[in-house]
Amino acid sequence: MPKSVPLWWSNPSAILRYTVSVLSVAAAVVAGLLLDTQLNSAPFVSLFVCAIMFATWFGGVRPGLLATALSILAFDYYFVPPTHSLLVDGEEALRLVLFAITALFVFSFVAAQKSAADSLRRTRDDLRTAVHDLERINKALQAENAERKRAEQQVRQAERELQVTFDTIPVLAGSYQHDGSPDFVNRAWRDYTGLSVKELKDRRWETVIHPDDVARVESERRAHLATGMPFQTEQRLRSADGEYRWHFFSRVPLRDEDGNVVKWYGTGYDIEDRKRAEDALRRSKAQLTHAQSLSKTGSVGFKVATGEIVWSDEAARIYGYESDTKPSVELVLQRVHPDDIAIVQREIDRARQGEQEFDFELRLMMPDGTIKYVYALAHLLKDGGSDEIVGALMDITAAKQAQDALSKAQAELAHVTRVTSLGELAASIAHEVNQPLSAIVTNGAAGLRWLDRESPVLDEVRSSLESIIGDAKRASEVIHKIRSFSKKTNPEMTQLHINDVVDEAVSLIKREAFDHRVTMRLQLASGLPSVRGDRIQLQQVIFNLAINGVQAMTMVADRPRVLFIRTQLLEPDQVLVAVEDGGVGIEPENLNRLFSAFYTTKPNGLGMGLSICRSIIEAHGGRVWASRNSDRGMIFQFTISACGQDG
């Protein structure tokens with residue numbers, strides 16, 4: 001049974017005990033004074049005795065002793081003449097002494113009784129505690145006995161389960177004597193080899209080891225028995241059906257207190273599939289290495305947190321290092337072209353900031369001064385705190401050189417195309433030049449006539465000369481435009497106003513449009529942002545698209561021949577140029593082929609004009625496309641980036 005909780009008065013605090021002691025004596029004094037005043041009867045001795053008894057019973061020895069002392073002093077002060085004084089007359093001294101003896105006797109008696117009662121209570125509590133402890137010990141013994149029985153049952157069950165587990169685990173397991181001879185093997189061992197424990201003890205186990213492995217296994221076994229060290233080996237083991245498969249065997253010693261080997265325990269498991277996988281992996285790695293060498297592509301890995309780098313043999317070759325060189329950021333930066341170090345550092349910073357996709361080109365400067373162009377493509381693999389960037393490096397030097405050669409060839413072809421187009425527009429060019437030349441001749445003749453008069457009219461002569469100068473400038477501008485359009489120069493990227501480029505291109509084909517009875521209408525948006533590009537190349541794109549539109553309406557006779565050229569702001573960072581004709585159009589299935597090289601719908605066309613247009617626009621970071629008009633004809637459109645965002 002649990003102990004009862006003590007009431008507050010059974011275990012009062014020290015302050016409360018002393019307070020009760022003082023209050024008891026004070027109550028006795030007050031009661032004695034009241035009785036003496038009201039009834040002329042003062043049983044003060046009895047009152048003080050009661051106060052001493054109560055204080056001693058409630059507070060114990062020290063509070064009782066305090067009450068006794070206070071009672072004696074109060075008795076002397078209030079009730080022994082002379083009153084209200086601690087002095088005692090000779091006659092009253094005996095009375096005070098008798099009271100003091102009585103008070104001390106009562107105090108001693110009550111204190112002894114209190115002590116005896118407390119002792120009895122403590123003895124009773126101790127007995128209760130002992131009974132409770134005995135009951136608890138008895139219950140613990142009963143629980144321990146039940147637990148022991150359960151433990152014995154569990155041990156027996158565990159032994160059975162261990163035996164079952166030992167026999168059913170999918171590995172070959174056994175125990176061996178200190179000399180290495182087997183004394184027990186599990187069912188998996190017996191079922192796989194088809195040998196019993198007795199046959200194993202008779203060294204029949206040697207018959208299931210591959211003949212090529214017997215000598216090696218026996219040598220390793222003797223060595224580990226001699227040293228007492230753990231033993232591991234791989235060997236081919238024959239199954240009951242005669243198939244040899246690779247197994248991994250491991251043995252560990254059991255030692256006594258003196259460190260002597262008393263037993264060996266060993267396991268073996270089938271690694272045939274792992275062996276085949278390793279062989280396949282080696283072949284795959286060799287093939288991958290060969291493929292990387294052929295494609296000039298190397299693989300790399302970069303641990304973001306530590307900066308550790310791993311790379312393939314081909315990646316090391318791309319950087320110009322031996323395949324066994326340990327890579328590092330410092331070695332990588334040593335090979336990076338000085339002008340491209342900022343690119344690599346930017347990508348490293350992006351990786352440390354958590355970016356996941358990486359796609360960039362850089363140049364490597366080899367020790368002999370040659371330049372390599374490398375294309376890097378990588379992805380971030382998140383793995384807790386060990387994030388790693390894996391990717392590929394491709395040596396694109398040959399492709400870069402081929403691209404440069406292709407760009408040069410395209411530039412040559414574009415120049416030929418422009419010159420050919422000007423040849424086709426020879427009549428238009430002659431007309432554009434002849435107009436100002438004819439005007440010059442006319443104005444010159446008029447000026448001479450004004451000079452041949454008896455009184456030359458100098459104002460008219462001056463006017464004729466000014467007209468001659470203006471016409472000469474106009475002819476010069478026409479020639480300048482034609483020379484610029486036909487001149488073979490490298491692309492020059494500058495800030496341009498697209499509307500000015502359109503006007504300059506249109507001025508070259510006005511005569512062609514007039515000869516084909518085509519009306520040209522310009523719808524050029526105002527306030528367009530500047531673009532960044534090559535003036536001549538953009539003129540060629542507009543020129544080609546406009547000429548195609550004019551020629552597409554050659555056979556149109558049932559409707560007006562109108563060619564629209566529009567400019568507008570497509571996006572805050574994109575300017576759109578559209579050329580719309582009213583010709584016969586293109587079949588929908590051929591739209592995707594329009595910008596392919598050598599595809600043409602003209603009987604005598606080369607099929608290079610639109611292909612060149614696409615190359616030029618893509619080189620400017622834009623795109624070009626064609627679509628069928630909602631009514632008739634085609635719309636050719638291209639975009640180019642505005643300078644505010646792209647330049």
# chains A, B, ... in the order shown; residues from 1 in each chain; ligands from 1

call {"tool": "closest_atom_pairs", "arguments": {"of": "stretch 127-200 of chain A", "to": "stretch 211-225 of chain A", "cutoff": "9 Å", "atoms": "only C-alpha atoms", "output": "CSV"}}
result
residue,atom,partner,partner_atom,distance
A:His178,CA,A:Leu225,CA,8.0
A:Asp179,CA,A:Leu225,CA,6.9
A:Gly180,CA,A:Leu225,CA,6.9

call {"tool": "residues_around", "arguments": {"residues": "stretch 573-585 of chain A", "least_positions_apart": "5", "cutoff": "6 Å", "atoms": "only C-alpha atoms", "output": "tab-separated table (two decimals) with C-alpha atoms, in the first residue's frame"}}
result
chain	number	residue	atom	x	y	z
A	549	GLY	CA	7.47	39.05	-103.32
A	552	ALA	CA	5.75	36.05	-106.98
A	553	MET	CA	3.11	38.48	-108.37
A	563	LEU	CA	3.79	44.57	-101.85
A	564	PHE	CA	3.56	45.60	-98.18
A	565	ILE	CA	6.66	46.10	-96.03
A	566	ARG	CA	5.90	46.68	-92.34
A	567	THR	CA	7.94	47.27	-89.21
A	568	GLN	CA	6.62	47.11	-85.65
A	632	ARG	CA	-3.66	35.18	-101.00
A	633	GLY	CA	0.08	35.20	-101.22
A	634	MET	CA	2.72	34.86	-98.52
A	635	ILE	CA	4.04	36.75	-95.51
A	636	PHE	CA	7.75	36.55	-94.75
A	637	GLN	CA	8.72	37.85	-91.29
A	638	PHE	CA	11.87	38.12	-89.24
A	639	THR	CA	12.78	39.51	-85.82
A	640	ILE	CA	15.92	41.16	-84.53
A	641	SER	CA	16.83	42.13	-80.96
A	642	ALA	CA	16.69	45.76	-79.88
A	645	GLN	CA	18.34	44.40	-74.34

call {"tool": "residues_around", "arguments": {"residues": "stretch 320-337 of chain A", "least_positions_apart": "5", "cutoff": "6 Å", "atoms": "only C-alpha atoms", "output": "mmCIF file with N, CA and C atoms, in the first residue's frame"}}
result
data_model
loop_
_atom_site.group_PDB
_atom_site.id
_atom_site.type_symbol
_atom_site.label_atom_id
_atom_site.label_comp_id
_atom_site.auth_asym_id
_atom_site.auth_seq_id
_atom_site.Cartn_x
_atom_site.Cartn_y
_atom_site.Cartn_z
ATOM 1 N N ILE A 309 37.500 17.476 -58.296
ATOM 2 C CA ILE A 309 37.186 17.219 -59.702
ATOM 3 C C ILE A 309 37.639 15.810 -60.067
ATOM 4 N N ASP A 313 39.809 9.847 -69.064
ATOM 5 C CA ASP A 313 41.086 9.969 -69.766
ATOM 6 C C ASP A 313 40.981 10.961 -70.922
ATOM 7 N N ARG A 363 37.663 28.636 -74.581
ATOM 8 C CA ARG A 363 38.887 28.333 -75.316
ATOM 9 C C ARG A 363 39.975 27.890 -74.350
ATOM 10 N N LEU A 364 40.770 26.923 -74.805
ATOM 11 C CA LEU A 364 41.922 26.456 -74.043
ATOM 12 C C LEU A 364 43.188 26.838 -74.794
ATOM 13 N N MET A 365 44.168 27.303 -74.041
ATOM 14 C CA MET A 365 45.456 27.640 -74.638
ATOM 15 C C MET A 365 46.461 26.577 -74.213
#

call {"tool": "residues_around", "arguments": {"residues": "A:Leu381", "least_positions_apart": "6", "cutoff": "10 Å", "atoms": "only C-alpha atoms", "output": "list of chain:residue names"}}
result
A:Lys303, A:Gln356, A:Glu357, A:Asp387, A:Glu388, A:Ile389, A:Val390

call {"tool": "write_last_selection", "arguments": {"atoms": "C-alpha atoms", "output": "compact mmCIF listing (two decimals), in the first residue's frame"}}
result
# COMPACT_ATOMS: atom_id res chain seq x y z
CA LYS A 303 31.84 18.42 -56.16
CA GLN A 356 21.39 23.25 -62.14
CA GLU A 357 22.01 23.56 -65.88
CA ASP A 387 25.91 17.99 -54.57
CA GLU A 388 27.90 17.14 -57.71
CA ILE A 389 27.96 18.56 -61.20
CA VAL A 390 28.38 15.92 -63.90

call {"tool": "atom_distance", "arguments": {"atom1": "atom CA of A:Phe302", "atom2": "atom CA of A:Ala286"}}
result
22.5 Å

call {"tool": "residues_around", "arguments": {"residues": "A:Ser530", "least_positions_apart": "4", "cutoff": "7 Å", "atoms": "only C-alpha atoms", "output": "PyMOL selection string"}}
result
chain A and resi 495-497+642-643

call {"tool": "write_last_selection", "arguments": {"atoms": "N, CA and C atoms", "output": "mmCIF file, in the first residue's frame"}}
result
data_model
loop_
_atom_site.group_PDB
_atom_site.id
_atom_site.type_symbol
_atom_site.label_atom_id
_atom_site.label_comp_id
_atom_site.auth_asym_id
_atom_site.auth_seq_id
_atom_site.Cartn_x
_atom_site.Cartn_y
_atom_site.Cartn_z
ATOM 1 N N GLN A 495 24.877 49.963 -84.320
ATOM 2 C CA GLN A 495 23.505 50.338 -84.006
ATOM 3 C C GLN A 495 22.848 50.926 -85.252
ATOM 4 N N LEU A 496 21.641 50.434 -85.534
ATOM 5 C CA LEU A 496 20.940 50.850 -86.747
ATOM 6 C C LEU A 496 19.493 51.163 -86.414
ATOM 7 N N HIS A 497 18.889 52.006 -87.280
ATOM 8 C CA HIS A 497 17.435 52.199 -87.255
ATOM 9 C C HIS A 497 16.865 51.351 -88.378
ATOM 10 N N ALA A 642 16.443 44.333 -80.055
ATOM 11 C CA ALA A 642 16.691 45.760 -79.878
ATOM 12 C C ALA A 642 17.966 45.966 -79.063
ATOM 13 N N CYS A 643 18.605 47.108 -79.255
ATOM 14 C CA CYS A 643 19.879 47.375 -78.587
ATOM 15 C C CYS A 643 19.734 47.459 -77.080
#
